[in-house]
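Some notes on the structure that comes next.
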Amino acid sequence: MEARTIYLGMDQKRDELLFSNIKGKKFKDRRVRQAFYQAIDVDAIKSRIMRGTSTPTALMVAPMVNGYSAKLDRRLPYDPKEAKRLLAELGMRMGSR
């Protein structure tokens with residue numbers, strides 16, 4: 001059995017991203033991070049990319065690792081409409097597929 005965590009980290013420290021033409025404190029705003037989070041369909045990743053061999057989680061710690069807490073392992077739902085709403089609140093927009 002293997003325990004591996006794959007995650008998307010966002011630069012929340014810098015006022016502006018180092019290698020981007022997007023200006024402003026985007027990732028410092030929780031709503032931007034939440035929009036990214038809710039725009040990612042983890043079930044699609046689980047079924048299509050990981051071929052059903054993964055378990056989406058809200059934590060960096062897997063269930064078989066000491067320190068895991070099932071109470072804390074609650075993900076926000078995949079919700080592209082909410083993601084778009086959050087970005088619109090900030091005057092940004094999400095690309096379409």
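In the structure tokens, chains take letters A, B, ... by order of appearance, with residues numbered from 1 within each chain and ligands from 1 in the order shown.
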
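Near Gly24 of chain A, within 10 Å and counting only C-alpha atoms, sit Arg14, Asp15, Glu16 and Leu17 of chain A; same-chain residues fewer than 5 positions away were not included.
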
Residues within 9 Å of Pro56 of chain A, only C-alpha atoms, excluding chain neighbours under 6 positions, as a PyMOL selection string: chain A and resi 42-43+45-46+75

Could those residues be written to a file, using C-alpha atoms, as a PDB file, in the first residue's frame?
ATOM      1  CA  VAL A  42     -11.544  15.788  -7.877  1.00  0.00           C
ATOM      2  CA  ASP A  43     -13.965  12.963  -8.707  1.00  0.00           C
ATOM      3  CA  ILE A  45      -9.393  13.226 -11.505  1.00  0.00           C
ATOM      4  CA  LYS A  46     -10.019  10.132  -9.367  1.00  0.00           C
ATOM      5  CA  ARG A  75     -13.899  18.926   1.346  1.00  0.00           C
TER       6      ARG A  75
END

Surrounding residues of Leu90 of chain A excluding itself and chain neighbours under 4 positions, 10 Å, only C-alpha atoms, as JSON, numbers by chain: {"A": [26, 29, 31, 32, 84, 85, 86]}

Distance of atom CA of Ala3 of chain A from atom CA of Ala44 of chain A, expressed in Å to one decimal place: 19.9 Å

Which of chain A fall in alpha helix (DSSP H), as a short mmCIF file (atom, residue, chain, number, x, y, z; two decimals) with C-alpha atoms, in the first residue's frame:
data_model
loop_
_atom_site.label_atom_id
_atom_site.label_comp_id
_atom_site.auth_asym_id
_atom_site.auth_seq_id
_atom_site.Cartn_x
_atom_site.Cartn_y
_atom_site.Cartn_z
CA ARG A 30 -9.21 33.47 0.46
CA ARG A 31 -11.98 33.78 -2.15
CA VAL A 32 -9.50 33.29 -5.01
CA ARG A 33 -8.06 30.17 -3.36
CA GLN A 34 -11.56 28.85 -2.65
CA ALA A 35 -12.61 29.49 -6.27
CA PHE A 36 -9.65 27.45 -7.54
CA TYR A 37 -10.45 24.70 -5.03
CA GLN A 38 -14.11 24.48 -6.00
CA VAL A 42 -11.54 15.79 -7.88
CA ASP A 43 -13.97 12.96 -8.71
CA ALA A 44 -13.09 13.32 -12.40
CA PRO A 80 -17.89 25.79 -10.75
CA LYS A 81 -20.86 28.16 -10.38
CA GLU A 82 -19.72 29.12 -6.88
CA ALA A 83 -16.15 29.48 -8.15
CA LYS A 84 -17.35 31.88 -10.88
CA ARG A 85 -19.43 33.80 -8.34
CA LEU A 86 -16.45 34.22 -6.01
CA LEU A 87 -14.23 35.49 -8.83
CA ALA A 88 -16.95 37.81 -10.12
CA GLU A 89 -17.16 39.27 -6.61
#

Counting only C-alpha atoms, the residue of A:Asp41, A:Lys28, A:Leu76, A:Lys23 that sits nearest Asp11 of chain A: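 Of A:Asp41, A:Lys28, A:Leu76, A:Lys23, the one nearest Asp11 of chain A, counting only C-alpha atoms, is A:Lys28.
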
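The protein and nucleic acid residues lying at most 12 Å from Met60 of chain A are Ala3, Arg4, Thr5, Ile6, Tyr7, Leu8, Gly9, Val65, Asn66, Gly67, Tyr68, Ser69, Leu72 and Asp73 of chain A, with only C-alpha atoms considered and sequence neighbours fewer than 5 positions away removed.
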